[in-house]
Amino acid sequence: DTGVSQDPRHKITKRGQNVTFRCDPISEHNRLYWYRQTLGQGPEFLTYFQNEAQLEKSRLLSDRFSAERPKGSFSTLEIQRTEQGDSAMYLCASSLAGTGDEQFFGPGTRLTVL
Amino acid sequence: AQRVTQPEKLLSVFKGAPVELKCNYSYSGSPELFWYVQYSRQRLQLLLRHISRESIKGFTADLNKGETSFHLKKPFAQEEDSAMYYCALRAAAGGTSYGKLTFGQGTILTVHP
C-alpha cells in the first residue's frame, strides 16, 4: 500500500464538460475526505464519508458536484457542466476512525477548465 | 463557524536562526489544532497535533486558548525546513462538524544557507 492515490493527476477540460475524479484510500481506512485547493489558498473542505455514508457536505459543493463511495472503498467526485471557477487542485484524504483520525492526503488531481 | 488565520504568506530566515510561524483560530467549541507541511513536489503531510504534545523535527507548538493561537516554533531552522506550512483546526471528537479540517492560507518558509 503506497498511500492514498488519485486518478487522474491532471485533467484539462473545456467549459461545460463533465469530469470525474477517483480516489483510492489507504485500504483499512473507513473515512474519506475531499478538499479543494485554489492558488494561494489552503485546502477547503468539500465532503466526507464514513464507510459508504456521506456524513457532511460543504456549501461549496454546488448541485453540479456529486461524490460517491458506493462500497465504502474508493470514491468518485463528479463535476457536471464545468466552469472556469472550478479550476483547482482536488485533494482526497483518508483516515481510520478511533485511532487519532490522522488524515493522510493523496497527491491531488489538478483540474484546468478552459 | 471555524476560521484559521496565518498572517504571514512568506517567511524567510537564515539557517540556525529561530523561526515562528503564526496561527490564530476562531471556533466557539473545543478545537483540535494541527500543523501540516508540504515539501516541494510532495503531498501534504501531518507535522504535529496539539494533543500529542510532541516535538517533531525540532518543531513544537503550544495551544493557547486564551489567545486562540497555535504558533509553530523551532529554535534553530535548517535548510530542509523550507516548505509550505498549513495550520488546521478540527472540532474535537463528539462536537459538531467533527471530521473536516479547516485550513489557514499557509505560510511559505524559506531557510537560507
# chains A, B, ... in the order shown; residues from 1 in each chain; ligands from 1

call {"tool": "interface_residues", "arguments": {"of": "chain A", "to": "chain B", "cutoff": "6 Å", "atoms": "only C-alpha atoms", "output": "ChimeraX atom specification"}}
result
/A:41-42,105,107

call {"tool": "residues_around", "arguments": {"residues": "Leu48 (chain B)", "least_positions_apart": "3", "cutoff": "10 Å", "atoms": "only C-alpha atoms", "output": "number ranges by chain"}}
result
B: 33-37, 45, 51-57, 59-61, 72, 87

call {"tool": "write_last_selection", "arguments": {"atoms": "C-alpha atoms", "output": "PDB file, in the first residue's frame"}}
result
ATOM      1  CA  LEU B  33      -5.196  22.037  16.187  1.00  0.00           C
ATOM      2  CA  PHE B  34      -2.719  20.684  13.674  1.00  0.00           C
ATOM      3  CA  TRP B  35       0.249  21.763  11.611  1.00  0.00           C
ATOM      4  CA  TYR B  36       0.579  20.234   8.146  1.00  0.00           C
ATOM      5  CA  VAL B  37       3.626  20.615   5.918  1.00  0.00           C
ATOM      6  CA  GLN B  45       1.503  15.547   5.487  1.00  0.00           C
ATOM      7  CA  ILE B  51      -2.918  16.799  21.735  1.00  0.00           C
ATOM      8  CA  SER B  52       0.298  14.842  21.150  1.00  0.00           C
ATOM      9  CA  ARG B  53       2.475  17.491  22.749  1.00  0.00           C
ATOM     10  CA  GLU B  54       5.407  16.137  20.739  1.00  0.00           C
ATOM     11  CA  SER B  55       8.402  17.758  19.144  1.00  0.00           C
ATOM     12  CA  ILE B  56       8.666  16.672  15.510  1.00  0.00           C
ATOM     13  CA  LYS B  57      11.810  17.548  13.504  1.00  0.00           C
ATOM     14  CA  PHE B  59       9.255  21.854  15.876  1.00  0.00           C
ATOM     15  CA  THR B  60       6.864  22.457  18.756  1.00  0.00           C
ATOM     16  CA  ALA B  61       3.517  24.188  19.005  1.00  0.00           C
ATOM     17  CA  LEU B  72       4.774  26.746  15.371  1.00  0.00           C
ATOM     18  CA  CYS B  87      -2.284  25.372  10.316  1.00  0.00           C
TER      19      CYS B  87
END

call {"tool": "residues_around", "arguments": {"residues": "Lys73 (chain B)", "least_positions_apart": "2", "cutoff": "9 Å", "atoms": "only C-alpha atoms", "output": "ChimeraX atom specification"}}
result
/B:18-22,58-62,71,75

call {"tool": "residues_around", "arguments": {"residues": "region 71-86 of chain A", "least_positions_apart": "5", "cutoff": "7 Å", "atoms": "only C-alpha atoms", "output": "VMD selection string"}}
result
chain A and resid 15 to 25 51 to 52 64 to 66 113 to 114

call {"tool": "write_last_selection", "arguments": {"atoms": "all heavy atoms", "output": "CSV table (one decimal), in the first residue's frame"}}
result
chain,number,residue,atom,x,y,z
A,15,ARG,N,-15.0,24.2,-20.8
A,15,ARG,CA,-16.1,24.6,-20.0
A,15,ARG,C,-17.4,23.9,-20.5
A,15,ARG,O,-17.6,23.8,-21.7
A,15,ARG,CB,-16.3,26.1,-20.2
A,15,ARG,CG,-17.3,26.8,-19.3
A,15,ARG,CD,-17.2,28.3,-19.5
A,15,ARG,NE,-17.3,28.7,-20.8
A,15,ARG,CZ,-17.2,29.9,-21.3
A,15,ARG,NH1,-16.8,30.9,-20.4
A,15,ARG,NH2,-17.3,30.2,-22.6
A,16,GLY,N,-18.2,23.4,-19.6
A,16,GLY,CA,-19.4,22.8,-19.9
A,16,GLY,C,-19.3,21.3,-20.0
A,16,GLY,O,-20.4,20.6,-20.0
A,17,GLN,N,-18.1,20.7,-20.0
A,17,GLN,CA,-17.9,19.3,-20.0
A,17,GLN,C,-18.0,18.7,-18.5
A,17,GLN,O,-17.9,19.5,-17.5
A,17,GLN,CB,-16.6,18.9,-20.5
A,17,GLN,CG,-16.4,19.3,-22.0
A,17,GLN,CD,-17.3,18.6,-22.9
A,17,GLN,OE1,-17.3,17.4,-22.9
A,17,GLN,NE2,-18.1,19.3,-23.7
A,18,ASN,N,-18.3,17.4,-18.4
A,18,ASN,CA,-18.4,16.8,-17.2
A,18,ASN,C,-17.0,16.1,-16.9
A,18,ASN,O,-16.4,15.6,-17.9
A,18,ASN,CB,-19.5,15.7,-17.1
A,18,ASN,CG,-20.8,16.3,-17.3
A,18,ASN,OD1,-21.0,17.5,-17.2
A,18,ASN,ND2,-21.8,15.4,-17.7
A,19,VAL,N,-16.6,16.1,-15.7
A,19,VAL,CA,-15.3,15.4,-15.3
A,19,VAL,C,-15.6,14.5,-14.1
A,19,VAL,O,-16.5,14.8,-13.2
A,19,VAL,CB,-14.2,16.3,-15.0
A,19,VAL,CG1,-13.8,17.1,-16.3
A,19,VAL,CG2,-14.5,17.3,-13.9
A,20,THR,N,-14.8,13.4,-14.0
A,20,THR,CA,-14.9,12.6,-12.8
A,20,THR,C,-13.5,12.2,-12.3
A,20,THR,O,-12.7,11.9,-13.1
A,20,THR,CB,-15.7,11.2,-13.1
A,20,THR,OG1,-17.0,11.6,-13.6
A,20,THR,CG2,-15.8,10.4,-11.9
A,21,PHE,N,-13.3,12.3,-11.0
A,21,PHE,CA,-12.1,12.0,-10.4
A,21,PHE,C,-12.3,10.8,-9.5
A,21,PHE,O,-13.3,10.6,-8.8
A,21,PHE,CB,-11.5,13.2,-9.5
A,21,PHE,CG,-11.5,14.5,-10.3
A,21,PHE,CD1,-11.8,15.7,-9.6
A,21,PHE,CD2,-11.1,14.6,-11.6
A,21,PHE,CE1,-11.8,16.9,-10.2
A,21,PHE,CE2,-11.1,15.8,-12.2
A,21,PHE,CZ,-11.5,17.0,-11.6
A,22,ARG,N,-11.2,10.0,-9.3
A,22,ARG,CA,-11.2,8.9,-8.4
A,22,ARG,C,-10.2,9.0,-7.3
A,22,ARG,O,-9.1,9.5,-7.5
A,22,ARG,CB,-11.0,7.6,-9.2
A,22,ARG,CG,-10.9,6.3,-8.4
A,22,ARG,CD,-10.7,5.1,-9.2
A,22,ARG,NE,-10.4,4.0,-8.4
A,22,ARG,CZ,-11.1,2.8,-8.4
A,22,ARG,NH1,-12.1,2.7,-9.3
A,22,ARG,NH2,-10.8,1.8,-7.7
A,23,CYS,N,-10.6,8.5,-6.2
A,23,CYS,CA,-9.7,8.5,-5.0
A,23,CYS,C,-9.7,7.0,-4.4
A,23,CYS,O,-10.8,6.5,-4.1
A,23,CYS,CB,-10.1,9.4,-3.9
A,23,CYS,SG,-9.2,9.3,-2.4
A,24,ASP,N,-8.5,6.5,-4.3
A,24,ASP,CA,-8.4,5.2,-3.6
A,24,ASP,C,-7.7,5.4,-2.2
A,24,ASP,O,-6.5,5.8,-2.2
A,24,ASP,CB,-7.6,4.2,-4.4
A,24,ASP,CG,-8.4,3.7,-5.6
A,24,ASP,OD1,-8.4,4.3,-6.7
A,24,ASP,OD2,-9.1,2.6,-5.4
A,25,PRO,N,-8.4,5.2,-1.1
A,25,PRO,CA,-7.8,5.5,0.2
A,25,PRO,C,-6.9,4.4,0.6
A,25,PRO,O,-6.8,3.3,0.0
A,25,PRO,CB,-9.1,5.5,1.1
A,25,PRO,CG,-10.0,4.5,0.4
A,25,PRO,CD,-9.8,4.7,-1.0
A,51,ASN,N,-17.3,5.0,5.8
A,51,ASN,CA,-17.7,3.9,5.0
A,51,ASN,C,-18.4,4.4,3.8
A,51,ASN,O,-17.9,5.3,3.1
A,51,ASN,CB,-18.6,2.9,5.8
A,51,ASN,CG,-17.8,2.4,7.1
A,51,ASN,OD1,-16.6,2.0,6.9
A,51,ASN,ND2,-18.4,2.5,8.2
A,52,GLU,N,-19.7,4.0,3.5
A,52,GLU,CA,-20.3,4.5,2.3
A,52,GLU,C,-21.2,5.6,2.5
A,52,GLU,O,-21.8,6.2,1.6
A,52,GLU,CB,-21.1,3.3,1.6
A,52,GLU,CG,-22.2,2.7,2.4
A,52,GLU,CD,-21.8,1.7,3.3
A,52,GLU,OE1,-20.5,1.5,3.5
A,52,GLU,OE2,-22.7,1.0,3.9
A,64,ARG,N,-23.8,21.0,-8.9
A,64,ARG,CA,-23.1,20.4,-10.1
A,64,ARG,C,-22.1,19.4,-9.6
A,64,ARG,O,-21.5,18.6,-10.4
A,64,ARG,CB,-22.4,21.5,-10.8
A,64,ARG,CG,-23.3,22.5,-11.5
A,64,ARG,CD,-22.5,23.5,-12.3
A,64,ARG,NE,-21.6,24.3,-11.5
A,64,ARG,CZ,-20.3,24.2,-11.5
A,64,ARG,NH1,-19.7,23.2,-12.2
A,64,ARG,NH2,-19.5,24.9,-10.7
A,65,PHE,N,-21.8,19.3,-8.3
A,65,PHE,CA,-20.8,18.4,-7.7
A,65,PHE,C,-21.6,17.3,-7.1
A,65,PHE,O,-22.6,17.4,-6.3
A,65,PHE,CB,-20.0,19.1,-6.6
A,65,PHE,CG,-19.0,20.1,-7.1
A,65,PHE,CD1,-19.4,21.3,-7.7
A,65,PHE,CD2,-17.7,19.9,-7.1
A,65,PHE,CE1,-18.5,22.3,-8.2
A,65,PHE,CE2,-16.7,20.8,-7.5
A,65,PHE,CZ,-17.2,22.0,-8.1
A,66,SER,N,-21.0,16.1,-7.3
A,66,SER,CA,-21.6,14.9,-6.6
A,66,SER,C,-20.4,14.0,-6.2
A,66,SER,O,-19.5,13.8,-7.0
A,66,SER,CB,-22.7,14.2,-7.4
A,66,SER,OG,-22.1,13.7,-8.6
A,113,VAL,N,-10.0,24.2,-16.3
A,113,VAL,CA,-11.2,24.3,-17.2
A,113,VAL,C,-10.9,25.5,-18.1
A,113,VAL,O,-10.7,26.6,-17.7
A,113,VAL,CB,-12.4,24.6,-16.4
A,113,VAL,CG1,-13.6,24.7,-17.3
A,113,VAL,CG2,-12.6,23.5,-15.4
A,114,LEU,N,-10.9,25.2,-19.4
A,114,LEU,CA,-10.6,26.2,-20.4
A,114,LEU,C,-11.8,26.9,-20.9
A,114,LEU,O,-12.9,26.4,-20.8
A,114,LEU,CB,-9.9,25.6,-21.6
A,114,LEU,CG,-8.6,24.9,-21.3
A,114,LEU,CD1,-8.0,24.2,-22.5
A,114,LEU,CD2,-7.6,25.8,-20.7

call {"tool": "select_by_dssp", "arguments": {"residues": "chain B", "states": "strand (DSSP E)", "output": "ChimeraX atom specification"}}
result
/B:3-5,10-14,19-21,24-26,31-38,45-49,60-61,72-74,83-91,102-103,107-112

call {"tool": "closest_residue", "arguments": {"among": "A:Arg9, A:Tyr48, A:Ser87, A:Thr112", "to": "Arg31 (chain A)", "atoms": "only C-alpha atoms"}}
result
A:Tyr48

call {"tool": "select_by_dssp", "arguments": {"residues": "chain B", "states": "helix (DSSP H, G or I)", "output": "list in words"}}
result
His50, Ile51, Ser52, Glu79, Glu80 and Asp81 of chain B

call {"tool": "write_last_selection", "arguments": {"atoms": "C-alpha atoms", "output": "compact mmCIF listing (two decimals), in the first residue's frame"}}
result
# COMPACT_ATOMS: atom_id res chain seq x y z
CA HIS B 50 -1.57 19.76 19.80
CA ILE B 51 -2.92 16.80 21.74
CA SER B 52 0.30 14.84 21.15
CA GLU B 79 17.53 24.41 5.10
CA GLU B 80 15.44 21.25 4.83
CA ASP B 81 12.66 23.00 6.76

call {"tool": "atom_distance", "arguments": {"atom1": "CA of Gln78 (chain B)", "atom2": "CA of Gln6 (chain B)"}}
result
21.3 Å

call {"tool": "residues_around", "arguments": {"residues": "Thr110 (chain B)", "least_positions_apart": "5", "cutoff": "10 Å", "atoms": "only C-alpha atoms", "output": "mmCIF file with N, CA, C and O atoms, in the first residue's frame"}}
result
data_model
loop_
_atom_site.group_PDB
_atom_site.id
_atom_site.type_symbol
_atom_site.label_atom_id
_atom_site.label_comp_id
_atom_site.auth_asym_id
_atom_site.auth_seq_id
_atom_site.Cartn_x
_atom_site.Cartn_y
_atom_site.Cartn_z
ATOM 1 N N LEU B 10 4.659 34.665 3.551
ATOM 2 C CA LEU B 10 6.057 34.327 3.314
ATOM 3 C C LEU B 10 6.865 34.616 4.579
ATOM 4 O O LEU B 10 6.636 35.627 5.238
ATOM 5 N N LEU B 11 7.821 33.726 4.864
ATOM 6 C CA LEU B 11 8.714 33.939 5.994
ATOM 7 C C LEU B 11 10.101 33.448 5.593
ATOM 8 O O LEU B 11 10.247 32.313 5.144
ATOM 9 N N SER B 12 11.082 34.323 5.719
ATOM 10 C CA SER B 12 12.457 33.959 5.362
ATOM 11 C C SER B 12 13.348 34.109 6.574
ATOM 12 O O SER B 12 13.281 35.129 7.263
ATOM 13 N N VAL B 13 14.165 33.095 6.814
ATOM 14 C CA VAL B 13 15.141 33.148 7.905
ATOM 15 C C VAL B 13 16.437 32.532 7.393
ATOM 16 O O VAL B 13 16.456 31.853 6.369
ATOM 17 N N PHE B 14 17.506 32.753 8.151
ATOM 18 C CA PHE B 14 18.774 32.115 7.844
ATOM 19 C C PHE B 14 18.931 30.855 8.683
ATOM 20 O O PHE B 14 18.375 30.734 9.784
ATOM 21 N N LYS B 15 19.675 29.923 8.125
ATOM 22 C CA LYS B 15 19.964 28.663 8.810
ATOM 23 C C LYS B 15 20.495 28.951 10.201
ATOM 24 O O LYS B 15 21.363 29.813 10.384
ATOM 25 N N ALA B 77 16.514 26.866 12.754
ATOM 26 C CA ALA B 77 15.979 26.429 11.458
ATOM 27 C C ALA B 77 17.064 25.772 10.608
ATOM 28 O O ALA B 77 18.239 26.147 10.667
ATOM 29 N N GLN B 78 16.649 24.788 9.818
ATOM 30 C CA GLN B 78 17.534 24.094 8.879
ATOM 31 C C GLN B 78 17.026 24.314 7.456
ATOM 32 O O GLN B 78 15.836 24.555 7.239
ATOM 33 N N GLU B 79 17.935 24.193 6.488
ATOM 34 C CA GLU B 79 17.528 24.414 5.097
ATOM 35 C C GLU B 79 16.417 23.456 4.670
ATOM 36 O O GLU B 79 15.528 23.828 3.906
ATOM 37 N N GLU B 80 16.457 22.235 5.208
ATOM 38 C CA GLU B 80 15.440 21.248 4.831
ATOM 39 C C GLU B 80 14.059 21.555 5.413
ATOM 40 O O GLU B 80 13.082 20.867 5.101
ATOM 41 N N ASP B 81 13.964 22.576 6.246
ATOM 42 C CA ASP B 81 12.659 23.000 6.763
ATOM 43 C C ASP B 81 11.901 23.859 5.750
ATOM 44 O O ASP B 81 10.719 24.161 5.956
ATOM 45 N N SER B 82 12.567 24.276 4.692
ATOM 46 C CA SER B 82 11.909 25.100 3.676
ATOM 47 C C SER B 82 10.729 24.332 3.085
ATOM 48 O O SER B 82 10.894 23.218 2.567
ATOM 49 N N ALA B 83 9.546 24.906 3.182
ATOM 50 C CA ALA B 83 8.322 24.214 2.759
ATOM 51 C C ALA B 83 7.143 25.159 2.949
ATOM 52 O O ALA B 83 7.286 26.269 3.459
ATOM 53 N N MET B 84 5.958 24.661 2.555
ATOM 54 C CA MET B 84 4.701 25.358 2.849
ATOM 55 C C MET B 84 4.128 24.742 4.121
ATOM 56 O O MET B 84 4.031 23.512 4.211
#

call {"tool": "atom_distance", "arguments": {"atom1": "CA of Leu46 (chain A)", "atom2": "CA of Leu91 (chain A)"}}
result
9.6 Å

call {"tool": "closest_residue", "arguments": {"among": "A:Glu44, A:Glu102, A:Thr38, A:Cys92", "to": "Asp7 (chain A)", "atoms": "only C-alpha atoms"}}
result
A:Cys92

call {"tool": "atom_distance", "arguments": {"atom1": "CA of Gly108 (chain A)", "atom2": "CA of Tyr25 (chain B)"}}
result
25.9 Å

call {"tool": "closest_residue", "arguments": {"among": "A:His10, A:Phe49, A:Phe104, A:Met89", "to": "Leu47 (chain B)", "atoms": "only C-alpha atoms"}}
result
A:Phe104

call {"tool": "closest_residue", "arguments": {"among": "B:Leu89, B:Glu8, B:Val111, B:Tyr39", "to": "Lys74 (chain B)", "atoms": "only C-alpha atoms"}}
result
B:Val111

call {"tool": "closest_residue", "arguments": {"among": "B:His112, B:Gln2, B:Leu63, B:Phe70", "to": "Asn24 (chain B)", "atoms": "only C-alpha atoms"}}
result
B:Phe70

call {"tool": "closest_residue", "arguments": {"among": "A:Asp63, A:Thr13, A:Thr2, A:His29", "to": "Leu96 (chain A)", "atoms": "only C-alpha atoms"}}
result
A:His29
